[in-house]
Structures are given as structure tokens and as C-alpha cells.
>>> print(open('entry-v7.txt').read())   # compact mmCIF, N, CA and C atoms
# COMPACT_ATOMS: atom_id res chain seq x y z
N ARG K 30 82.55 115.13 100.05
CA ARG K 30 83.78 115.71 100.56
C ARG K 30 83.54 116.30 101.96
N GLN K 31 82.39 116.95 102.15
CA GLN K 31 82.09 117.55 103.44
C GLN K 31 81.88 116.46 104.50
N ARG K 32 81.22 115.36 104.12
CA ARG K 32 81.01 114.26 105.07
C ARG K 32 82.35 113.69 105.51
N LEU K 33 83.26 113.53 104.57
CA LEU K 33 84.55 112.95 104.90
C LEU K 33 85.38 113.89 105.78
N ALA K 34 85.21 115.18 105.61
CA ALA K 34 85.95 116.16 106.42
C ALA K 34 85.64 115.99 107.90
N ALA K 35 84.44 115.54 108.23
CA ALA K 35 84.06 115.34 109.63
C ALA K 35 84.96 114.31 110.30
N HIS K 36 85.44 113.32 109.56
CA HIS K 36 86.33 112.31 110.13
C HIS K 36 87.64 112.93 110.61
N LEU K 37 88.07 113.98 109.95
CA LEU K 37 89.35 114.59 110.28
C LEU K 37 89.28 115.44 111.54
N ASN K 38 88.08 115.77 111.99
CA ASN K 38 87.92 116.58 113.19
C ASN K 38 88.08 115.76 114.47
N SER K 39 87.96 114.46 114.37
CA SER K 39 88.13 113.58 115.52
C SER K 39 89.51 112.95 115.45
N GLU K 40 90.32 113.20 116.47
CA GLU K 40 91.69 112.70 116.45
C GLU K 40 91.75 111.18 116.32
N SER K 41 90.84 110.47 116.98
CA SER K 41 90.86 109.01 116.92
C SER K 41 90.51 108.49 115.53
N CYS K 42 89.72 109.24 114.78
CA CYS K 42 89.33 108.84 113.42
C CYS K 42 90.35 109.31 112.38
N ALA K 43 90.93 110.47 112.64
CA ALA K 43 91.76 111.15 111.63
C ALA K 43 92.96 110.33 111.19
N ALA K 44 93.59 109.60 112.10
CA ALA K 44 94.81 108.87 111.75
C ALA K 44 94.61 107.95 110.55
N CYS K 45 93.54 107.19 110.55
CA CYS K 45 93.27 106.28 109.42
C CYS K 45 92.59 106.99 108.26
N HIS K 46 91.60 107.81 108.58
CA HIS K 46 90.81 108.45 107.53
C HIS K 46 91.63 109.43 106.69
N ARG K 47 92.68 110.00 107.25
CA ARG K 47 93.54 110.90 106.49
C ARG K 47 94.18 110.14 105.32
N LEU K 48 94.40 108.85 105.50
CA LEU K 48 94.98 108.01 104.45
C LEU K 48 93.93 107.44 103.51
N SER K 49 92.83 106.95 104.06
CA SER K 49 91.87 106.21 103.23
C SER K 49 90.83 107.08 102.53
N ASP K 50 90.38 108.15 103.16
CA ASP K 50 89.32 108.96 102.56
C ASP K 50 89.68 109.56 101.21
N PRO K 51 90.88 110.12 101.04
CA PRO K 51 91.18 110.69 99.72
C PRO K 51 91.09 109.66 98.59
N ILE K 52 91.46 108.44 98.85
CA ILE K 52 91.37 107.41 97.81
C ILE K 52 89.91 107.20 97.43
N GLY K 53 89.02 107.20 98.40
CA GLY K 53 87.59 107.04 98.13
C GLY K 53 87.00 108.16 97.31
N LEU K 54 87.58 109.36 97.40
CA LEU K 54 87.05 110.49 96.63
C LEU K 54 87.10 110.22 95.13
N GLY K 55 88.09 109.48 94.68
CA GLY K 55 88.18 109.15 93.26
C GLY K 55 87.05 108.28 92.77
N PHE K 56 86.30 107.68 93.70
CA PHE K 56 85.19 106.80 93.35
C PHE K 56 83.83 107.45 93.63
N GLU K 57 83.81 108.71 94.03
CA GLU K 57 82.57 109.40 94.40
C GLU K 57 81.56 109.46 93.26
N GLN K 58 82.02 109.37 92.02
CA GLN K 58 81.09 109.47 90.90
C GLN K 58 80.33 108.17 90.66
N TYR K 59 80.62 107.14 91.44
CA TYR K 59 79.88 105.89 91.35
C TYR K 59 78.94 105.80 92.54
N ASN K 60 77.66 105.62 92.27
CA ASN K 60 76.69 105.59 93.37
C ASN K 60 76.70 104.22 94.06
N ALA K 61 75.75 104.01 94.95
CA ALA K 61 75.72 102.79 95.77
C ALA K 61 75.59 101.51 94.95
N ILE K 62 75.04 101.59 93.74
CA ILE K 62 74.91 100.39 92.91
C ILE K 62 75.89 100.41 91.74
N GLY K 63 76.87 101.33 91.78
CA GLY K 63 77.92 101.35 90.78
C GLY K 63 77.62 102.15 89.53
N ALA K 64 76.49 102.84 89.48
CA ALA K 64 76.16 103.66 88.31
C ALA K 64 76.95 104.97 88.37
N PHE K 65 77.43 105.42 87.22
CA PHE K 65 78.22 106.64 87.13
C PHE K 65 77.32 107.87 87.19
N GLU K 66 77.68 108.82 88.02
CA GLU K 66 76.94 110.08 88.15
C GLU K 66 77.92 111.24 88.23
N GLU K 67 77.66 112.29 87.48
CA GLU K 67 78.53 113.46 87.52
C GLU K 67 78.10 114.45 88.60
N LYS K 68 76.86 114.33 89.06
CA LYS K 68 76.33 115.24 90.08
C LYS K 68 75.65 114.42 91.17
N MET K 69 75.53 115.03 92.34
CA MET K 69 74.87 114.36 93.47
C MET K 69 73.61 115.13 93.83
N LEU K 70 72.52 114.41 93.96
CA LEU K 70 71.26 115.00 94.37
C LEU K 70 71.14 114.86 95.88
N VAL K 71 70.98 115.97 96.58
CA VAL K 71 70.85 115.97 98.03
C VAL K 71 69.46 116.46 98.38
N ARG K 72 68.76 115.67 99.19
CA ARG K 72 67.40 116.04 99.62
C ARG K 72 67.44 116.36 101.11
N ALA K 73 66.66 117.36 101.50
CA ALA K 73 66.57 117.73 102.91
C ALA K 73 65.13 118.13 103.21
N GLY K 74 64.76 117.99 104.47
CA GLY K 74 63.41 118.40 104.89
C GLY K 74 62.41 117.30 104.68
N GLY K 75 61.14 117.66 104.74
CA GLY K 75 60.08 116.67 104.61
C GLY K 75 60.03 115.83 105.86
N GLY K 76 59.85 114.57 105.71
CA GLY K 76 59.86 113.66 106.84
C GLY K 76 58.56 113.66 107.60
N ARG K 77 58.59 113.20 108.83
CA ARG K 77 57.40 113.02 109.66
C ARG K 77 56.71 114.32 110.03
N ARG K 78 57.44 115.37 110.13
CA ARG K 78 56.84 116.63 110.58
C ARG K 78 56.13 117.37 109.45
N GLY K 79 56.18 116.84 108.26
CA GLY K 79 55.46 117.44 107.16
C GLY K 79 56.09 118.71 106.61
N GLY K 80 57.37 118.91 106.90
CA GLY K 80 58.05 120.09 106.38
C GLY K 80 58.25 119.99 104.88
N THR K 81 58.64 121.07 104.30
CA THR K 81 58.86 121.12 102.86
C THR K 81 60.19 120.44 102.53
N GLU K 82 60.13 119.56 101.57
CA GLU K 82 61.35 118.88 101.13
C GLU K 82 62.01 119.75 100.06
N SER K 83 63.31 119.86 100.15
CA SER K 83 64.04 120.61 99.13
C SER K 83 65.13 119.72 98.55
N GLU K 84 65.51 120.02 97.33
CA GLU K 84 66.55 119.26 96.64
C GLU K 84 67.61 120.22 96.13
N VAL K 85 68.84 119.77 96.23
CA VAL K 85 69.97 120.55 95.70
C VAL K 85 70.83 119.59 94.90
N THR K 86 71.25 120.00 93.72
CA THR K 86 72.15 119.20 92.91
C THR K 86 73.55 119.79 93.04
N LEU K 87 74.51 118.94 93.42
CA LEU K 87 75.88 119.38 93.64
C LEU K 87 76.82 118.74 92.63
N GLU K 88 77.77 119.52 92.16
CA GLU K 88 78.85 118.97 91.33
C GLU K 88 79.73 118.12 92.25
N LEU K 89 80.22 117.01 91.75
CA LEU K 89 81.10 116.17 92.54
C LEU K 89 82.55 116.54 92.27
N ASP K 90 83.27 116.88 93.31
CA ASP K 90 84.70 117.16 93.20
C ASP K 90 85.44 115.91 93.64
N THR K 91 86.00 115.19 92.71
CA THR K 91 86.68 113.93 93.03
C THR K 91 88.19 114.09 93.06
N THR K 92 88.68 115.32 93.05
CA THR K 92 90.12 115.55 93.09
C THR K 92 90.67 115.16 94.46
N ALA K 93 91.72 114.36 94.46
CA ALA K 93 92.33 113.93 95.71
C ALA K 93 93.79 113.58 95.46
N HIS K 94 94.48 113.21 96.51
CA HIS K 94 95.87 112.76 96.39
C HIS K 94 96.09 111.63 97.39
N ILE K 95 97.18 110.91 97.18
CA ILE K 95 97.50 109.79 98.05
C ILE K 95 98.59 110.23 99.01
N GLN K 96 98.29 110.14 100.29
CA GLN K 96 99.24 110.52 101.33
C GLN K 96 100.50 109.69 101.18
N GLY K 97 101.67 110.33 101.18
CA GLY K 97 102.93 109.61 101.13
C GLY K 97 103.47 109.34 99.74
N ILE K 98 102.73 109.70 98.70
CA ILE K 98 103.21 109.52 97.32
C ILE K 98 103.22 110.89 96.65
N GLU K 99 104.41 111.33 96.26
CA GLU K 99 104.53 112.64 95.62
C GLU K 99 103.82 112.66 94.28
N ASP K 100 103.35 113.85 93.89
CA ASP K 100 102.69 114.05 92.60
C ASP K 100 101.59 113.02 92.36
N SER K 101 100.73 112.84 93.36
CA SER K 101 99.72 111.78 93.28
C SER K 101 98.30 112.31 93.16
N THR K 102 98.13 113.51 92.64
CA THR K 102 96.78 114.05 92.48
C THR K 102 96.05 113.28 91.38
N PHE K 103 94.81 112.91 91.65
CA PHE K 103 94.00 112.15 90.69
C PHE K 103 92.55 112.58 90.80
N ARG K 104 91.76 112.25 89.77
CA ARG K 104 90.33 112.56 89.78
C ARG K 104 89.47 111.35 89.44
N THR K 105 90.06 110.33 88.87
CA THR K 105 89.29 109.16 88.44
C THR K 105 89.93 107.88 88.96
N PRO K 106 89.17 106.79 89.02
CA PRO K 106 89.76 105.52 89.42
C PRO K 106 90.91 105.10 88.48
N ARG K 107 90.78 105.39 87.21
CA ARG K 107 91.85 105.04 86.26
C ARG K 107 93.15 105.77 86.60
N GLU K 108 93.04 107.07 86.91
CA GLU K 108 94.22 107.85 87.29
C GLU K 108 94.81 107.31 88.60
N LEU K 109 93.95 106.96 89.55
CA LEU K 109 94.41 106.38 90.81
C LEU K 109 95.17 105.09 90.56
N GLY K 110 94.60 104.21 89.74
CA GLY K 110 95.26 102.94 89.43
C GLY K 110 96.62 103.13 88.80
N LYS K 111 96.73 104.09 87.91
CA LYS K 111 98.01 104.37 87.24
C LYS K 111 99.06 104.84 88.25
N ILE K 112 98.65 105.73 89.15
CA ILE K 112 99.57 106.23 90.17
C ILE K 112 100.04 105.08 91.07
N LEU K 113 99.11 104.25 91.53
CA LEU K 113 99.47 103.14 92.41
C LEU K 113 100.36 102.13 91.69
N ALA K 114 100.03 101.82 90.45
CA ALA K 114 100.81 100.83 89.70
C ALA K 114 102.24 101.31 89.45
N GLU K 115 102.42 102.61 89.30
CA GLU K 115 103.75 103.16 89.01
C GLU K 115 104.54 103.53 90.26
N SER K 116 103.93 103.43 91.42
CA SER K 116 104.58 103.82 92.67
C SER K 116 105.43 102.68 93.22
N LYS K 117 106.72 102.92 93.38
CA LYS K 117 107.59 101.89 93.95
C LYS K 117 107.16 101.57 95.38
N THR K 118 106.69 102.57 96.11
CA THR K 118 106.19 102.34 97.46
C THR K 118 105.04 101.34 97.45
N CYS K 119 104.11 101.53 96.52
CA CYS K 119 102.96 100.63 96.42
C CYS K 119 103.39 99.24 95.94
N GLN K 120 104.29 99.20 94.98
CA GLN K 120 104.76 97.92 94.46
C GLN K 120 105.40 97.09 95.57
N LYS K 121 106.23 97.75 96.39
CA LYS K 121 106.88 97.04 97.50
C LYS K 121 105.86 96.62 98.55
N CYS K 122 104.85 97.44 98.74
CA CYS K 122 103.80 97.12 99.71
C CYS K 122 103.03 95.87 99.26
N VAL K 123 102.76 95.75 97.97
CA VAL K 123 102.07 94.56 97.44
C VAL K 123 102.88 93.31 97.77
N VAL K 124 104.19 93.39 97.55
CA VAL K 124 105.05 92.23 97.83
C VAL K 124 105.04 91.91 99.32
N LYS K 125 105.16 92.93 100.15
CA LYS K 125 105.17 92.72 101.60
C LYS K 125 103.86 92.11 102.08
N GLN K 126 102.73 92.62 101.57
CA GLN K 126 101.43 92.08 101.99
C GLN K 126 101.25 90.64 101.50
N MET K 127 101.74 90.33 100.31
CA MET K 127 101.66 88.94 99.82
C MET K 127 102.52 88.03 100.69
N PHE K 128 103.69 88.50 101.08
CA PHE K 128 104.54 87.74 101.99
C PHE K 128 103.78 87.44 103.28
N ARG K 129 103.19 88.47 103.87
CA ARG K 129 102.46 88.29 105.14
C ARG K 129 101.30 87.32 104.99
N TYR K 130 100.60 87.41 103.89
CA TYR K 130 99.47 86.51 103.65
C TYR K 130 99.96 85.07 103.48
N ALA K 131 100.99 84.89 102.66
CA ALA K 131 101.48 83.54 102.36
C ALA K 131 102.08 82.85 103.59
N PHE K 132 102.75 83.63 104.44
CA PHE K 132 103.43 83.04 105.58
C PHE K 132 102.63 83.15 106.88
N GLY K 133 101.53 83.87 106.84
CA GLY K 133 100.68 83.98 108.01
C GLY K 133 101.30 84.73 109.17
N ARG K 134 102.23 85.63 108.85
CA ARG K 134 102.90 86.40 109.89
C ARG K 134 103.52 87.66 109.29
N GLU K 135 103.91 88.57 110.16
CA GLU K 135 104.63 89.75 109.68
C GLU K 135 106.08 89.37 109.44
N GLU K 136 106.71 90.11 108.59
CA GLU K 136 108.10 89.85 108.26
C GLU K 136 109.01 90.24 109.42
N THR K 137 110.17 89.59 109.47
CA THR K 137 111.21 89.93 110.44
C THR K 137 112.40 90.48 109.66
N GLU K 138 113.38 90.94 110.39
CA GLU K 138 114.62 91.44 109.76
C GLU K 138 115.24 90.36 108.88
N ALA K 139 115.19 89.12 109.34
CA ALA K 139 115.78 88.01 108.58
C ALA K 139 115.05 87.75 107.26
N ASP K 140 113.80 88.18 107.15
CA ASP K 140 113.01 87.97 105.93
C ASP K 140 113.27 89.01 104.85
N LEU K 141 113.92 90.10 105.19
CA LEU K 141 114.08 91.20 104.23
C LEU K 141 114.78 90.79 102.93
N PRO K 142 115.83 89.94 102.96
CA PRO K 142 116.41 89.51 101.68
C PRO K 142 115.42 88.72 100.82
N VAL K 143 114.58 87.91 101.44
CA VAL K 143 113.57 87.15 100.70
C VAL K 143 112.57 88.11 100.06
N ILE K 144 112.12 89.09 100.83
CA ILE K 144 111.16 90.07 100.31
C ILE K 144 111.77 90.87 99.17
N GLU K 145 113.04 91.24 99.31
CA GLU K 145 113.71 91.99 98.23
C GLU K 145 113.84 91.12 96.98
N ALA K 146 114.14 89.83 97.15
CA ALA K 146 114.22 88.92 95.99
C ALA K 146 112.85 88.76 95.33
N LEU K 147 111.80 88.68 96.14
CA LEU K 147 110.44 88.59 95.58
C LEU K 147 110.10 89.86 94.81
N PHE K 148 110.48 91.01 95.36
CA PHE K 148 110.22 92.27 94.66
C PHE K 148 110.95 92.30 93.32
N THR K 149 112.20 91.86 93.31
CA THR K 149 112.98 91.86 92.06
C THR K 149 112.30 90.99 91.01
N LYS K 150 111.84 89.81 91.40
CA LYS K 150 111.14 88.93 90.44
C LYS K 150 109.84 89.57 89.97
N PHE K 151 109.12 90.20 90.87
CA PHE K 151 107.87 90.88 90.54
C PHE K 151 108.14 92.00 89.54
N ARG K 152 109.15 92.82 89.82
CA ARG K 152 109.51 93.93 88.93
C ARG K 152 109.96 93.40 87.56
N ASP K 153 110.82 92.38 87.56
CA ASP K 153 111.34 91.83 86.30
C ASP K 153 110.24 91.20 85.45
N SER K 154 109.13 90.80 86.07
CA SER K 154 108.02 90.21 85.33
C SER K 154 107.09 91.28 84.75
N GLY K 155 107.43 92.55 84.98
CA GLY K 155 106.53 93.62 84.55
C GLY K 155 105.37 93.79 85.51
N PHE K 156 105.60 93.40 86.77
CA PHE K 156 104.61 93.51 87.84
C PHE K 156 103.37 92.67 87.56
N ARG K 157 103.61 91.47 87.06
CA ARG K 157 102.50 90.52 86.87
C ARG K 157 102.25 89.82 88.20
N PHE K 158 101.04 89.96 88.71
CA PHE K 158 100.70 89.41 90.02
C PHE K 158 100.87 87.90 90.06
N ARG K 159 100.52 87.25 88.98
CA ARG K 159 100.66 85.78 88.91
C ARG K 159 102.12 85.38 89.14
N GLU K 160 103.04 86.15 88.56
CA GLU K 160 104.47 85.83 88.72
C GLU K 160 104.93 86.06 90.16
N LEU K 161 104.33 87.03 90.84
CA LEU K 161 104.65 87.22 92.26
C LEU K 161 104.20 86.00 93.06
N LEU K 162 103.00 85.51 92.78
CA LEU K 162 102.50 84.31 93.47
C LEU K 162 103.42 83.12 93.25
N VAL K 163 103.83 82.93 92.00
CA VAL K 163 104.74 81.82 91.68
C VAL K 163 106.06 81.99 92.43
N ALA K 164 106.58 83.22 92.46
CA ALA K 164 107.84 83.48 93.16
C ALA K 164 107.72 83.17 94.65
N VAL K 165 106.60 83.51 95.24
CA VAL K 165 106.40 83.23 96.67
C VAL K 165 106.37 81.73 96.93
N VAL K 166 105.55 81.01 96.19
CA VAL K 166 105.37 79.57 96.48
C VAL K 166 106.53 78.71 96.03
N THR K 167 107.43 79.25 95.23
CA THR K 167 108.63 78.50 94.84
C THR K 167 109.87 78.98 95.59
N SER K 168 109.70 79.92 96.51
CA SER K 168 110.84 80.40 97.29
C SER K 168 111.26 79.32 98.29
N ASP K 169 112.55 79.29 98.60
CA ASP K 169 113.06 78.31 99.56
C ASP K 169 112.34 78.43 100.90
N LEU K 170 112.10 79.66 101.34
CA LEU K 170 111.44 79.87 102.63
C LEU K 170 110.05 79.25 102.65
N PHE K 171 109.30 79.41 101.58
CA PHE K 171 107.95 78.85 101.51
C PHE K 171 108.01 77.33 101.46
N LEU K 172 108.92 76.80 100.64
CA LEU K 172 109.03 75.34 100.51
C LEU K 172 109.49 74.70 101.82
N GLN K 173 110.39 75.37 102.55
CA GLN K 173 110.83 74.86 103.85
C GLN K 173 109.68 74.88 104.85
N GLN K 174 108.87 75.92 104.79
CA GLN K 174 107.74 76.05 105.72
C GLN K 174 106.72 74.96 105.47
N THR K 175 106.42 74.68 104.20
CA THR K 175 105.39 73.69 103.89
C THR K 175 105.89 72.26 104.12
N ALA K 176 107.22 72.07 104.14
CA ALA K 176 107.78 70.74 104.37
C ALA K 176 107.72 70.36 105.85
N ARG K 177 107.57 71.34 106.72
CA ARG K 177 107.56 71.08 108.18
C ARG K 177 106.30 70.46 108.62
>>> encode(input="entry-v7.txt", output="C-alpha cells")
Amino acid sequence: RQRLAAHLNSESCAACHRLSDPIGLGFEQYNAIGAFEEKMLVRAGGGRRGGTESEVTLELDTTAHIQGIEDSTFRTPRELGKILAESKTCQKCVVKQMFRYAFGREETEADLPVIEALFTKFRDSGFRFRELLVAVVTSDLFLQQTAR
């Protein structure tokens, strides 16, 4: 948490890190190889100068929230996933990003009805990602694009 706070002190870093760092906090209990740890061992000292090495064990505080989503406090990846899956903002973002990927461009004002129709199909399917993919590739806009 303290390491991540340093990103917020630099204006050029803070804009992105204010959004992404809190999400990463929910994963702090997984180490570099994915093993679960409830505490973090921090070592200091020693090294080339022959100083005394010391160790401190710290409790991990993984409490965070998602910027832009109300009532989004979480502590675990499972809680994070639940919040994202239930967020209409996130659901619409998934559709928009899939549109951009499938069409190789950002959406225009003229594309908004297509994106809204894709969202409706995604929602009606119970947010099954496979159904979103099918909706995209069977949309008139996609079929017209691939026919060119």
C-alpha cells in the first residue's frame, strides 16, 4: 500500500494509478508466483556493506474500492469480481471494448444504437461472454464490414 501511494505523489503517474492501483490491492495476498500469503515479509539492511539485516512481518491490508463505482469496497479478488460483474458501468464497458476490438476502431455516434443492441443481447443472455461474441459477429454492421 505504501509503495502504491508513491504513484499518487507524481501528477503524471496519478491520473492512471488512481484508477488501477486500488484494483491491484485486492490481489496483494498473492505473491509473485501466485501463492496465497496473509502477511508480507520485508527485509532491510545487509547487502555489500555487511550491515545487519532485519526482517519485519506486515499484515496485508487489501481493502480498496473502484473509482467511479459506488459502494465498491472489496478485500478479495472474489469480491472485486462480484462488484465488476454487477456493475452496469462495467457491463457496458465490456460491450464497448468488444466492439472496438471486433471493428478495429473506436465507436462513433452512429455506432451507439449498435452498441446498445449488443448490450441488450448481452444482458438478456445473463451476461454470457460467448453470447456477446455471437451478437457482435452476427450484427449487420459486422457482416457488412466483412463483406467489403
>>> closest_atom_pairs(input="entry-v7.txt", of="range 105-169 of chain K", to="range 46-62 of chain K", cutoff="8 Å", atoms="all atoms listed in the file", output="Markdown table")
| residue | atom | partner | partner_atom | distance |
| --- | --- | --- | --- | --- |
| K:Thr105 | C | K:Gly55 | C | 4.8 |
| K:Pro106 | N | K:Gly55 | C | 4.6 |
| K:Arg107 | N | K:Gly55 | C | 7.3 |
| K:Leu109 | N | K:Gly55 | CA | 7.2 |
>>> select_by_dssp(input="entry-v7.txt", residues="range 47-172 of chain K", states="strand (DSSP E or B)", output="number ranges by chain")
K: 59, 65, 68-73, 83-88, 93, 103
>>> atom_distance(input="entry-v7.txt", atom1="atom N of Asp90 in chain K", atom2="atom C of Val71 in chain K")
14.7 Å
>>> atom_distance(input="entry-v7.txt", atom1="CA of Leu147 in chain K", atom2="CA of Glu99 in chain K")
24.8 Å
>>> residues_around(input="entry-v7.txt", residues="range 129-132 of chain K", least_positions_apart="5", cutoff="8 Å", atoms="only N, CA and C atoms", output="list in words")
Val123, Val124, Val165, Val166 and Phe171 of chain K
>>> write_last_selection(input="entry-v7.txt", atoms="N, CA and C atoms", output="CSV table (one decimal), in the frame of the given file")
chain,number,residue,atom,x,y,z
K,123,VAL,N,102.8,95.8,98.0
K,123,VAL,CA,102.1,94.6,97.4
K,123,VAL,C,102.9,93.3,97.8
K,124,VAL,N,104.2,93.4,97.6
K,124,VAL,CA,105.0,92.2,97.8
K,124,VAL,C,105.0,91.9,99.3
K,165,VAL,N,106.6,83.5,95.2
K,165,VAL,CA,106.4,83.2,96.7
K,165,VAL,C,106.4,81.7,96.9
K,166,VAL,N,105.6,81.0,96.2
K,166,VAL,CA,105.4,79.6,96.5
K,166,VAL,C,106.5,78.7,96.0
K,171,PHE,N,109.3,79.4,101.6
K,171,PHE,CA,108.0,78.8,101.5
K,171,PHE,C,108.0,77.3,101.5
>>> atom_distance(input="entry-v7.txt", atom1="atom N of Glu138 in chain K", atom2="CA of Ala164 in chain K")
19.6 Å
>>> select_by_dssp(input="entry-v7.txt", residues="range 74-110 of chain K", states="alpha helix (DSSP H)", output="PyMOL selection string")
chain K and resi 106-110
>>> axis_aligned_box(input="entry-v7.txt", around="range 93-105 of chain K", padding_each_side="6 Å", output="JSON")
{"center_x": 96.9, "center_y": 111.1, "center_z": 94.9, "size_x": 27.2, "size_y": 18.5, "size_z": 24.9}
